[in-house]
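Below is model_18.cif, holding mmCIF, C-alpha atoms and all ligand atoms.
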data_model
#
loop_
_atom_site.label_atom_id
_atom_site.label_comp_id
_atom_site.auth_asym_id
_atom_site.auth_seq_id
_atom_site.Cartn_x
_atom_site.Cartn_y
_atom_site.Cartn_z
CA MET A 96 51.86 -7.27 50.01
CA ALA A 97 50.86 -3.92 51.50
CA LEU A 98 47.24 -3.07 50.69
CA LEU A 99 48.11 -0.03 48.56
CA ASP A 100 50.53 -2.10 46.44
CA GLU A 101 47.89 -4.81 46.16
CA LEU A 102 45.32 -2.26 44.98
CA LYS A 103 47.76 -0.97 42.36
CA ALA A 104 48.53 -4.55 41.25
CA ARG A 105 44.77 -5.01 40.82
CA GLY A 106 44.75 -2.20 38.27
CA VAL A 107 42.88 0.40 40.32
CA HIS A 108 45.55 3.09 40.00
CA GLU A 109 44.61 5.17 36.94
CA THR A 110 46.49 8.13 35.57
CA GLY A 111 44.72 10.86 33.61
CA HIS A 112 43.31 14.33 34.08
CA TRP A 113 40.50 13.93 36.54
CA GLU A 114 37.92 16.45 37.71
CA LEU A 115 36.90 15.34 41.22
CA LYS A 116 33.50 15.91 42.86
CA SER A 117 35.13 18.67 44.93
CA GLY A 118 35.88 20.59 41.72
CA ARG A 119 39.64 20.11 42.16
CA HIS A 120 41.76 18.30 39.60
CA ALA A 121 44.13 15.32 40.01
CA ASP A 122 46.41 13.26 37.79
CA THR A 123 45.90 9.93 39.57
CA TYR A 124 42.75 8.17 40.75
CA LEU A 125 42.12 4.95 42.70
CA GLN A 126 39.26 3.23 40.89
CA CYS A 127 38.51 0.98 43.88
CA THR A 128 35.31 -0.36 42.36
CA ILE A 129 37.52 -2.59 40.17
CA ALA A 130 39.08 -4.28 43.22
CA MET A 131 35.77 -4.61 45.08
CA GLY A 132 34.34 -6.60 42.15
CA ASP A 133 36.39 -9.59 43.42
CA PRO A 134 34.16 -11.06 46.16
CA ALA A 135 37.06 -12.78 47.98
CA PHE A 136 39.01 -9.50 48.13
CA ALA A 137 35.92 -7.51 49.18
CA ARG A 138 35.17 -10.00 51.98
CA ARG A 139 38.77 -9.88 53.24
CA ILE A 140 38.81 -6.06 53.34
CA GLY A 141 35.39 -6.05 55.02
CA ARG A 142 36.64 -8.43 57.73
CA GLN A 143 39.80 -6.35 58.28
CA LEU A 144 37.73 -3.21 58.84
CA ALA A 145 35.14 -5.03 60.96
CA ASP A 146 37.92 -6.35 63.23
CA GLN A 147 38.61 -2.70 64.17
CA LEU A 148 34.93 -1.71 64.50
CA HIS A 149 33.47 -4.41 66.77
CA GLU A 150 33.70 -2.30 69.93
CA LEU A 151 31.40 0.37 68.40
CA GLU A 152 28.53 -2.16 68.64
CA ALA A 153 26.98 -0.83 65.44
CA ASN A 154 23.84 -2.54 64.17
CA VAL A 155 23.78 -0.57 60.89
CA VAL A 156 26.51 -0.05 58.29
CA CYS A 157 25.76 2.79 55.87
CA ALA A 158 27.26 3.32 52.40
CA PRO A 159 26.88 7.06 51.67
CA GLY A 160 26.98 6.35 47.92
CA VAL A 161 26.68 3.54 45.41
CA SER A 162 30.48 3.27 45.05
CA SER A 163 30.78 2.16 48.69
CA MET A 164 27.99 -0.43 48.62
CA LEU A 165 30.14 -3.53 48.15
CA LEU A 166 32.55 -2.65 50.95
CA ALA A 167 29.71 -1.64 53.30
CA PHE A 168 28.01 -4.95 52.56
CA THR A 169 31.07 -7.01 53.48
CA VAL A 170 31.67 -4.94 56.65
CA ALA A 171 28.01 -5.40 57.64
CA ASP A 172 28.30 -9.13 56.98
CA ALA A 173 31.39 -9.39 59.24
CA LEU A 174 29.69 -7.34 61.99
CA ALA A 175 26.37 -9.19 61.66
CA ALA A 176 24.84 -5.72 61.12
CA ARG A 177 22.23 -4.39 58.69
CA MET A 178 23.44 -2.54 55.59
CA LEU A 179 21.92 0.61 54.04
CA TRP A 180 22.95 2.70 51.08
CA PHE A 181 22.29 6.19 49.79
CA GLU A 182 21.58 6.99 46.17
CA GLU A 183 20.34 9.90 44.11
CA GLY A 184 16.61 10.12 43.61
CA LYS A 185 13.91 12.64 42.66
CA ARG A 186 14.01 13.97 46.25
CA GLY A 187 17.81 14.27 46.32
CA HIS A 188 20.46 12.08 47.87
CA GLY A 189 19.13 9.69 50.51
CA LEU A 190 17.75 6.28 51.42
CA ARG A 191 15.50 4.82 48.73
CA ARG A 192 13.61 1.58 48.08
CA GLY A 193 11.95 1.48 51.51
CA GLN A 194 15.21 1.54 53.49
CA ARG A 195 14.68 2.98 56.99
CA VAL A 196 16.79 4.03 59.95
CA GLY A 197 15.69 5.47 63.28
CA PRO A 198 15.94 5.67 67.09
CA GLY A 199 17.98 2.85 68.63
CA ASP A 200 20.09 2.34 65.51
CA ARG A 201 23.88 2.63 65.95
CA VAL A 202 25.38 3.51 62.57
CA VAL A 203 28.90 3.26 61.22
CA VAL A 204 29.43 5.07 57.89
CA VAL A 205 31.71 3.12 55.52
CA GLU A 206 33.27 4.41 52.30
CA ASP A 207 35.70 2.74 49.91
CA VAL A 208 37.70 5.98 49.62
CA LEU A 209 37.55 9.06 51.87
CA SER A 210 38.76 12.29 50.27
CA THR A 211 37.11 15.46 51.58
CA GLY A 212 34.89 13.55 54.05
CA ARG A 213 31.90 15.67 53.00
CA THR A 214 29.90 12.71 51.64
CA ALA A 215 30.37 10.81 54.91
CA ALA A 216 29.50 13.93 56.92
CA ASN A 217 26.28 14.44 54.90
CA ALA A 218 25.28 10.81 55.49
CA ALA A 219 25.96 11.22 59.22
CA ALA A 220 23.82 14.38 59.34
CA PHE A 221 20.97 12.50 57.63
CA MET A 222 21.22 9.69 60.22
CA THR A 223 21.16 12.20 63.07
CA ARG A 224 18.04 13.88 61.62
CA LYS A 225 16.40 10.43 61.65
CA LYS A 226 17.32 10.10 65.38
CA ALA A 227 19.82 7.28 64.76
CA GLU A 228 23.18 7.46 66.55
CA VAL A 229 26.31 7.72 64.36
CA VAL A 230 29.05 5.85 66.23
CA GLY A 231 31.92 5.79 63.73
CA PHE A 232 33.41 6.21 60.27
CA ALA A 233 35.57 3.80 58.30
CA ALA A 234 37.18 3.51 54.87
CA MET A 235 39.49 1.22 52.95
CA VAL A 236 41.61 4.18 51.76
CA ASP A 237 42.01 7.64 53.29
CA ARG A 238 43.00 10.09 50.53
CA SER A 239 42.36 13.23 52.56
CA SER A 240 44.97 15.97 52.44
CA GLU A 241 43.32 18.23 55.02
CA ASP A 242 41.12 17.82 58.10
CA MET A 243 37.79 16.19 57.37
CA PRO A 244 34.47 17.55 58.76
CA LEU A 245 33.91 14.39 60.85
CA PRO A 246 33.42 14.23 64.63
CA TRP A 247 35.79 11.22 64.98
CA THR A 248 38.95 10.03 63.31
CA PRO A 249 37.87 7.41 60.76
CA THR A 250 39.14 3.82 60.95
CA VAL A 251 41.14 3.27 57.74
CA LEU A 252 43.34 0.49 56.35
CA VAL A 253 45.67 2.67 54.26
CA ARG A 254 46.48 6.37 53.98
CA GLU A 255 47.53 7.81 50.60
CA PRO A 256 46.92 11.58 50.46
CA LEU A 257 45.76 12.70 47.04
CA ILE A 258 47.56 15.58 45.38
CA THR A 259 44.97 17.91 43.85
CA TYR A 260 45.04 21.24 42.04
CA ALA A 261 42.62 24.12 41.73
CA PRO A 262 41.67 24.30 38.02
CA ASN A 263 43.51 27.64 37.65
CA SER A 264 46.79 26.11 38.90
CA CYS A 265 46.43 22.65 37.31
CA PRO A 266 49.39 21.79 35.01
CA GLN A 267 47.21 19.68 32.69
CA CYS A 268 44.62 22.47 32.35
CA ALA A 269 47.52 24.81 31.50
CA ALA A 270 48.55 22.33 28.78
CA GLY A 271 45.01 22.37 27.37
CA THR A 272 44.13 18.74 28.20
CA PRO A 273 40.40 18.33 28.87
CA ALA A 274 39.49 17.00 32.34
CA THR A 275 37.13 14.05 32.75
CA ASP A 276 34.98 12.68 35.59
CA PRO A 277 36.62 9.48 36.90
CA SER A 278 33.28 8.11 38.11
CA ALA A 279 31.62 8.54 34.71
ZN ZN B 1 43.07 20.37 35.39
#

Give the structure from this file in structure tokens form.
Amino acid sequence: MALLDELKARGVHETGHWELKSGRHADTYLQCTIAMGDPAFARRIGRQLADQLHELEANVVCAPGVSSMLLAFTVADALAARMLWFEEGKRGHGLRRGQRVGPGDRVVVVEDVLSTGRTAANAAAFMTRKKAEVVGFAAMVDRSSEDMPLPWTPTVLVREPLITYAPNSCPQCAAGTPATDPSA
């Protein structure tokens, strides 16, 4: 089964009226966290991505948010790399709990779903400030519908551009349906 069909069969494809982090609205959402809760599936996807990332010789795999932790962990496992994740804290979004990165580290940024690419770009900028080298980007699903602010084309397993609306041209807003945060 193609990966996108498999994700849908696993119940990740939700319809609704979603307000995305970008502020734009959508009527479908891939709730990939549901699929990644199956360790066998998560390991398989991690291996598939790692097979395409070996030549980058990364020693660090970074999840730019909590939602990408499980996938980043399985990719790091398959690459025999270290895994780091970003989360919100009192000092903003960054590495917490004593996690460190620095000179000599070669980092690949892994997300479950790429949409605008801004989260991955912010994580890469953080790594660069810490003098680590960002060597690549990867995701299970690429939902981008325009160019992402990334220096390289990400390695992805499936592409499914997301149709989004500005709130003032969103059909569901026009119908008076309240929008909700799909990550809430
Ligand atoms: Zn709307």

Go through the chains and note each residue within 12 Å of ligand ZN 1 (chain B), using all atoms listed in the file, then give the set as a PyMOL selection string.
-> chain A and resi 111-115+118-123+258-276

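Among the candidates A:Val229, A:Ala137, A:Cys127, A:Leu209, the one nearest to Glu109 of chain A when counting all atoms listed in the file is A:Cys127.
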
Between atom CA of Glu255 of chain A and atom CA of Glu228 of chain A lies a distance of 29.1 Å

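Going from atom CA of Lys226 of chain A to atom CA of Arg142 of chain A covers 27.8 Å.
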
note - atom CA of Ala173 of chain A and atom CA of Leu148 of chain A are separated by 10.0 Å

Close residues, Ser163 of chain A itself excluded, 8 Å, all atoms listed in the file, min 2 positions apart in chain, as a PyMOL selection string: chain A and resi 158-161+165-167+205-208

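Distances here use only C-alpha atoms; by that measure, the residue among A:Val170, A:Val155, A:Ala97, A:Ala135 closest to Gln194 of chain A is A:Val155.
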
Min atom-atom distance to Asp237 of chain A from the set A:Cys157, A:Val202, A:Leu125, A:Met131, counting all atoms listed in the file, belongs to A:Leu125

Problem - Near-Met222 of chain A list (12 Å; only C-alpha atoms; drop same-chain fewer than 6 positions) as number ranges by chain - result: A: 155-159, 179-181, 189-190, 195-204, 215-216, 228-231

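Nearest residue to Leu174 of chain A among A:Leu245, A:Ala145, A:Ile129, A:Val107 is A:Ala145, counting all atoms listed in the file.
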
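Distance annotation: of A:Ala130, A:Ala175, A:Leu252, A:Ala279, the residue with the minimal separation from Lys116 of chain A is A:Ala279; atom set is only C-alpha atoms.
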
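In terms of minimum interatomic distance to Met235 of chain A, A:Gln143 ranks closest within A:Gln143, A:Arg105, A:Met178, A:Asp100, counting all atoms listed in the file.
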